[in-house]
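Some notes on the structure that comes next.
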Amino acid sequence: MKKKTPKCPLCGTPLKAIRGYDAHGITTDWVAGCYNCFFQSSHFWKTKKACIEDMDRLVSLFPPIMRLKPGDLIKIRKLPDNFFVIKTDVEKGVIRAGSTYGYSMSYVPEDVEQWPWELEQKGGSNDI
């Protein structure tokens, strides 16, 4: 199984290991962050590997429903196919998901058997 780069829990953009620069333009430590909305961890790391591990930790602190974005695949308990996320209502705790057969239903997080980051990934630009 390939591991996908975690997405920003705020805007859905893949997070990056960002190299910092000091006032003299010299590169410094790594920080996990989003180039789109500027969400980032508050901790700097000496190695890129440690920074990537921090990305995973940071994103895992958000509830799974907050990490879903439209188009993500999820596996619903007791149903054979994967469903794609249409939208989420975090305040109500509801996920609207559709099937490849053209119907959609609302589910609660407890109905989800596998989240996008638990499903087998097939290629793509977000692979590590």
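Residue numbering restarts at 1 for every chain of the structure tokens, chains are lettered A, B, ... in their displayed order, and ligands are numbered from 1 as they appear.
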
**OP:** Quick one: pick out all helix (DSSP H, G or I) residues within stretch 55-113 of chain A from a backbone DSSP run and write them as a PyMOL selection string.
**Re:** chain A and resi 55-60+64-67+109-111

Just-selected residues, all heavy atoms written as a CSV table (one decimal), in the first residue's frame:
chain,number,residue,atom,x,y,z
A,55,MET,N,4.0,15.9,10.3
A,55,MET,CA,2.8,16.2,9.4
A,55,MET,C,1.7,15.2,9.8
A,55,MET,O,0.6,15.5,10.0
A,55,MET,CB,3.1,16.1,7.9
A,55,MET,CG,3.7,17.3,7.3
A,55,MET,SD,3.8,17.0,5.5
A,55,MET,CE,5.5,17.1,5.2
A,56,ASP,N,2.1,13.9,9.8
A,56,ASP,CA,1.1,12.8,10.1
A,56,ASP,C,0.5,13.0,11.4
A,56,ASP,O,-0.7,12.9,11.6
A,56,ASP,CB,1.8,11.5,10.0
A,56,ASP,CG,2.1,11.1,8.5
A,56,ASP,OD1,1.4,11.5,7.6
A,56,ASP,OD2,3.1,10.3,8.3
A,57,ARG,N,1.4,13.3,12.4
A,57,ARG,CA,0.9,13.5,13.8
A,57,ARG,C,-0.1,14.7,13.9
A,57,ARG,O,-1.1,14.6,14.5
A,57,ARG,CB,2.1,13.7,14.7
A,57,ARG,CG,1.7,13.9,16.2
A,57,ARG,CD,2.8,14.6,17.0
A,57,ARG,NE,3.1,15.9,16.6
A,57,ARG,CZ,2.4,17.0,16.8
A,57,ARG,NH1,1.3,16.9,17.5
A,57,ARG,NH2,2.8,18.2,16.4
A,58,LEU,N,0.3,15.8,13.3
A,58,LEU,CA,-0.5,17.0,13.3
A,58,LEU,C,-1.9,16.8,12.7
A,58,LEU,O,-2.9,17.1,13.3
A,58,LEU,CB,0.3,18.1,12.6
A,58,LEU,CG,-0.4,19.5,12.5
A,58,LEU,CD1,-0.5,20.0,14.0
A,58,LEU,CD2,0.5,20.4,11.7
A,59,VAL,N,-1.9,16.2,11.5
A,59,VAL,CA,-3.2,15.9,10.9
A,59,VAL,C,-4.0,15.0,11.7
A,59,VAL,O,-5.3,15.1,11.8
A,59,VAL,CB,-3.0,15.5,9.4
A,59,VAL,CG1,-4.3,15.0,8.8
A,59,VAL,CG2,-2.4,16.6,8.6
A,60,SER,N,-3.4,14.0,12.3
A,60,SER,CA,-4.2,13.0,13.1
A,60,SER,C,-4.9,13.6,14.3
A,60,SER,O,-5.8,12.9,14.8
A,60,SER,CB,-3.3,11.8,13.5
A,60,SER,OG,-2.4,12.2,14.5
A,64,PRO,N,-11.6,12.7,12.1
A,64,PRO,CA,-11.6,12.2,10.7
A,64,PRO,C,-12.6,13.0,9.8
A,64,PRO,O,-12.3,13.3,8.6
A,64,PRO,CB,-12.0,10.8,10.8
A,64,PRO,CG,-11.6,10.4,12.2
A,64,PRO,CD,-11.7,11.6,13.0
A,65,ILE,N,-13.8,13.4,10.3
A,65,ILE,CA,-14.7,14.1,9.4
A,65,ILE,C,-14.2,15.4,8.9
A,65,ILE,O,-14.5,15.9,7.8
A,65,ILE,CB,-16.1,14.3,10.1
A,65,ILE,CG1,-17.2,14.7,9.1
A,65,ILE,CG2,-16.0,15.2,11.3
A,65,ILE,CD1,-18.6,14.7,9.6
A,66,MET,N,-13.3,16.0,9.7
A,66,MET,CA,-12.7,17.3,9.3
A,66,MET,C,-11.6,17.1,8.3
A,66,MET,O,-11.3,18.1,7.6
A,66,MET,CB,-12.1,18.0,10.5
A,66,MET,CG,-13.1,18.6,11.5
A,66,MET,SD,-12.3,19.5,12.8
A,66,MET,CE,-11.8,21.0,11.9
A,67,ARG,N,-11.1,15.9,8.1
A,67,ARG,CA,-10.0,15.7,7.1
A,67,ARG,C,-10.6,15.2,5.8
A,67,ARG,O,-9.9,15.1,4.8
A,67,ARG,CB,-9.1,14.6,7.7
A,67,ARG,CG,-8.4,15.0,8.9
A,67,ARG,CD,-7.4,14.0,9.3
A,67,ARG,NE,-7.9,13.3,10.5
A,67,ARG,CZ,-7.5,12.1,10.9
A,67,ARG,NH1,-6.5,11.5,10.2
A,67,ARG,NH2,-8.0,11.6,12.0
A,109,PRO,N,-19.9,9.5,11.0
A,109,PRO,CA,-18.6,8.9,11.0
A,109,PRO,C,-18.5,7.5,11.5
A,109,PRO,O,-17.7,6.7,11.1
A,109,PRO,CB,-17.8,9.9,12.0
A,109,PRO,CG,-18.5,11.2,11.8
A,109,PRO,CD,-20.0,10.8,11.6
A,110,GLU,N,-19.5,7.1,12.4
A,110,GLU,CA,-19.5,5.7,12.9
A,110,GLU,C,-19.8,4.7,11.8
A,110,GLU,O,-19.5,3.5,11.9
A,110,GLU,CB,-20.5,5.5,14.0
A,110,GLU,CG,-20.1,6.3,15.3
A,110,GLU,CD,-20.4,7.8,15.2
A,110,GLU,OE1,-21.2,8.2,14.4
A,110,GLU,OE2,-19.8,8.5,16.0
A,111,ASP,N,-20.4,5.2,10.7
A,111,ASP,CA,-20.7,4.3,9.5
A,111,ASP,C,-19.5,4.0,8.7
A,111,ASP,O,-19.5,3.1,7.8
A,111,ASP,CB,-21.8,4.9,8.6
A,111,ASP,CG,-23.1,5.1,9.3
A,111,ASP,OD1,-23.5,4.2,10.2
A,111,ASP,OD2,-23.9,6.0,8.9

**OP:** Excluding stretch 88-90 of chain A and residues on its chain fewer than 6 positions from it, collect all residues at most 9 Å away from it, counting only C-alpha atoms, and give them as an NGL selection string.
**Re:** :A and (65-66 or 68-70 or 96-97)

Now that the selection is made, can you save its residues with C-alpha atoms as a tab-separated table (two decimals), in the first residue's frame?
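Now in part.tsv:
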chain	number	residue	atom	x	y	z
A	65	ILE	CA	-14.72	14.07	9.41
A	66	MET	CA	-12.69	17.32	9.32
A	68	LEU	CA	-12.52	14.63	4.43
A	69	LYS	CA	-12.72	16.63	1.23
A	70	PRO	CA	-15.08	16.27	-1.75
A	96	ARG	CA	-22.90	13.00	2.19
A	97	ALA	CA	-21.39	10.31	-0.03

**OP:** Excluding A:Cys34 and residues on its chain fewer than 4 positions from it, collect all residues at most 7 Å away from it, counting only C-alpha atoms, and give them as a VMD selection string.
**Re:** chain A and resid 8 13 15 to 16 38 to 40

What does the file look like for those residues with all heavy atoms, as a compact mmCIF listing (two decimals), in the first residue's frame?
# COMPACT_ATOMS: atom_id res chain seq x y z
N CYS A 8 -4.01 19.14 4.13
CA CYS A 8 -4.30 20.17 5.11
C CYS A 8 -5.74 19.97 5.61
O CYS A 8 -6.67 19.91 4.80
CB CYS A 8 -4.15 21.55 4.48
SG CYS A 8 -4.62 22.90 5.57
N THR A 13 -5.38 20.98 0.70
CA THR A 13 -4.17 20.96 -0.11
C THR A 13 -3.15 20.01 0.52
O THR A 13 -3.01 20.01 1.75
CB THR A 13 -3.57 22.39 -0.19
OG1 THR A 13 -4.55 23.26 -0.75
CG2 THR A 13 -2.31 22.42 -1.04
N LEU A 15 -0.05 18.72 2.30
CA LEU A 15 0.94 19.40 3.12
C LEU A 15 2.34 19.12 2.59
O LEU A 15 2.60 18.09 1.97
CB LEU A 15 0.85 18.93 4.57
CG LEU A 15 -0.42 19.34 5.31
CD1 LEU A 15 -0.47 18.68 6.68
CD2 LEU A 15 -0.51 20.84 5.45
N LYS A 16 3.23 20.04 2.82
CA LYS A 16 4.61 19.93 2.35
C LYS A 16 5.56 20.12 3.53
O LYS A 16 5.23 20.76 4.52
CB LYS A 16 4.91 21.03 1.33
CG LYS A 16 4.01 21.06 0.14
CD LYS A 16 4.44 20.05 -0.87
CE LYS A 16 3.58 20.20 -2.12
NZ LYS A 16 3.64 19.08 -2.97
N PHE A 38 -1.52 28.54 4.52
CA PHE A 38 -0.46 28.86 5.47
C PHE A 38 -0.64 28.24 6.85
O PHE A 38 -0.04 28.68 7.82
CB PHE A 38 -0.24 30.38 5.57
CG PHE A 38 0.07 30.99 4.24
CD1 PHE A 38 -0.87 31.78 3.59
CD2 PHE A 38 1.27 30.73 3.60
CE1 PHE A 38 -0.60 32.32 2.35
CE2 PHE A 38 1.55 31.27 2.36
CZ PHE A 38 0.61 32.06 1.73
N PHE A 39 -1.47 27.19 6.95
CA PHE A 39 -1.55 26.39 8.16
C PHE A 39 -0.21 25.67 8.31
O PHE A 39 0.34 25.16 7.34
CB PHE A 39 -2.68 25.36 8.01
CG PHE A 39 -2.69 24.29 9.04
CD1 PHE A 39 -3.17 24.53 10.32
CD2 PHE A 39 -2.22 23.02 8.74
CE1 PHE A 39 -3.20 23.53 11.27
CE2 PHE A 39 -2.24 22.01 9.69
CZ PHE A 39 -2.73 22.27 10.95
N GLN A 40 0.36 25.68 9.52
CA GLN A 40 1.61 24.95 9.71
C GLN A 40 1.78 24.57 11.18
O GLN A 40 1.15 25.14 12.05
CB GLN A 40 2.81 25.75 9.23
CG GLN A 40 3.16 26.95 10.07
CD GLN A 40 4.40 27.66 9.54
OE1 GLN A 40 4.61 27.73 8.34
NE2 GLN A 40 5.21 28.17 10.43

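Counting from atom CA of A:Val112, the distance to atom CA of A:Lys78 is 9.6 Å.
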
**OP:** Do a neighbour search on stretch 29-32 of chain A at 7 Å with only C-alpha atoms, toss out local chain neighbours closer than 3 positions, and write the hits as a PyMOL selection string.
**Re:** chain A and resi 15-20+40-41+43-48+51-52+54-55

Could you take the residues named above and write them with N, CA, C and O atoms, as a compact mmCIF listing (two decimals), in the first residue's frame?
# COMPACT_ATOMS: atom_id res chain seq x y z
N LEU A 15 -0.05 18.72 2.30
CA LEU A 15 0.94 19.40 3.12
C LEU A 15 2.34 19.12 2.59
O LEU A 15 2.60 18.09 1.97
N LYS A 16 3.23 20.04 2.82
CA LYS A 16 4.61 19.93 2.35
C LYS A 16 5.56 20.12 3.53
O LYS A 16 5.23 20.76 4.52
N ALA A 17 6.75 19.55 3.36
CA ALA A 17 7.83 19.84 4.28
C ALA A 17 8.47 21.13 3.76
O ALA A 17 8.96 21.17 2.64
N ILE A 18 8.40 22.18 4.54
CA ILE A 18 8.86 23.50 4.11
C ILE A 18 10.17 23.84 4.81
O ILE A 18 10.28 23.72 6.03
N ARG A 19 11.13 24.27 4.04
CA ARG A 19 12.43 24.66 4.60
C ARG A 19 12.39 26.13 4.97
O ARG A 19 11.99 26.97 4.18
N GLY A 20 12.78 26.43 6.18
CA GLY A 20 12.80 27.82 6.62
C GLY A 20 14.09 28.51 6.23
O GLY A 20 15.09 27.88 5.90
N GLN A 40 0.36 25.68 9.52
CA GLN A 40 1.61 24.95 9.71
C GLN A 40 1.78 24.57 11.18
O GLN A 40 1.15 25.14 12.05
N SER A 41 2.66 23.60 11.38
CA SER A 41 2.97 23.21 12.75
C SER A 41 3.81 24.30 13.38
O SER A 41 4.39 25.14 12.69
N HIS A 43 6.35 23.56 15.30
CA HIS A 43 7.62 22.95 15.67
C HIS A 43 8.51 22.82 14.44
O HIS A 43 8.06 22.45 13.37
N PHE A 44 9.77 23.12 14.60
CA PHE A 44 10.75 22.99 13.52
C PHE A 44 11.61 21.75 13.75
O PHE A 44 11.92 21.42 14.89
N TRP A 45 11.96 21.08 12.65
CA TRP A 45 12.70 19.84 12.72
C TRP A 45 14.02 19.94 11.97
O TRP A 45 14.11 20.62 10.96
N LYS A 46 15.02 19.23 12.45
CA LYS A 46 16.35 19.24 11.81
C LYS A 46 16.36 18.44 10.51
O LYS A 46 17.13 18.72 9.61
N THR A 47 15.49 17.40 10.41
CA THR A 47 15.48 16.56 9.21
C THR A 47 14.11 16.59 8.54
O THR A 47 13.08 16.80 9.19
N LYS A 48 14.11 16.38 7.23
CA LYS A 48 12.85 16.33 6.47
C LYS A 48 12.01 15.13 6.92
O LYS A 48 10.79 15.24 7.03
N CYS A 51 10.13 15.94 9.97
CA CYS A 51 9.08 16.89 9.61
C CYS A 51 7.88 16.16 9.02
O CYS A 51 6.72 16.45 9.36
N ILE A 52 8.12 15.20 8.15
CA ILE A 52 7.03 14.43 7.53
C ILE A 52 6.29 13.62 8.59
O ILE A 52 5.06 13.53 8.58
N ASP A 54 5.97 14.51 11.63
CA ASP A 54 5.20 15.52 12.36
C ASP A 54 3.92 15.89 11.60
O ASP A 54 2.89 16.13 12.20
N MET A 55 4.00 15.92 10.26
CA MET A 55 2.80 16.19 9.44
C MET A 55 1.71 15.17 9.76
O MET A 55 0.56 15.53 9.97

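Comparing the minimum interatomic distances between A:Val85 and each of A:Gly12, A:Ser106, A:Lys7, A:Tyr101, counting only C-alpha atoms, we find that A:Ser106 sits nearest.
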
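For the choices A:Cys11, A:Ala50, A:Ala23, A:Ile95, the atom-to-atom distance to A:Leu73 is smallest for A:Ile95 when using only C-alpha atoms.
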
Subject >> Near-A:Glu113 list (6 Å; only C-alpha atoms; drop same-chain fewer than 5 positions) as number ranges by chain >> reply: A: 75-77

Original post:
What lies within 6 Å of A:Gly98 using only C-alpha atoms, ignoring chain neighbours under 3 positions off, as a ChimeraX atom specification?
Top reply: /A:83-84,103-104

Using the selection just defined, write its residues with C-alpha atoms as a PDB file, in the first residue's frame.
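Saved as part.pdb:
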ATOM      1  CA  PHE A  83     -18.195   5.793  -1.896  1.00  0.00           C
ATOM      2  CA  PHE A  84     -16.949   9.254  -2.820  1.00  0.00           C
ATOM      3  CA  TYR A 103     -27.165   7.381  -5.699  1.00  0.00           C
ATOM      4  CA  SER A 104     -26.085   9.221  -2.574  1.00  0.00           C
TER       5      SER A 104
END

Original post:
Hey, which of A:Asn82, A:Thr5, A:Gln114, A:Thr100 ends up closest to A:Gly33? Count only C-alpha atoms.
Top reply: A:Thr5

Original post:
Out of chain A, which residues get strand (DSSP E or B) from DSSP, as number ranges by chain?
Top reply: A: 4, 7, 14, 16-21, 27-33, 40, 45, 73-76, 82-89, 94-98, 104-107, 112-114, 127

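Of the listed residues A:Asn36, A:Gly25, A:Gly102, A:Glu91, the one whose atoms come nearest to A:Pro63 is A:Glu91, with distances taken using only C-alpha atoms.
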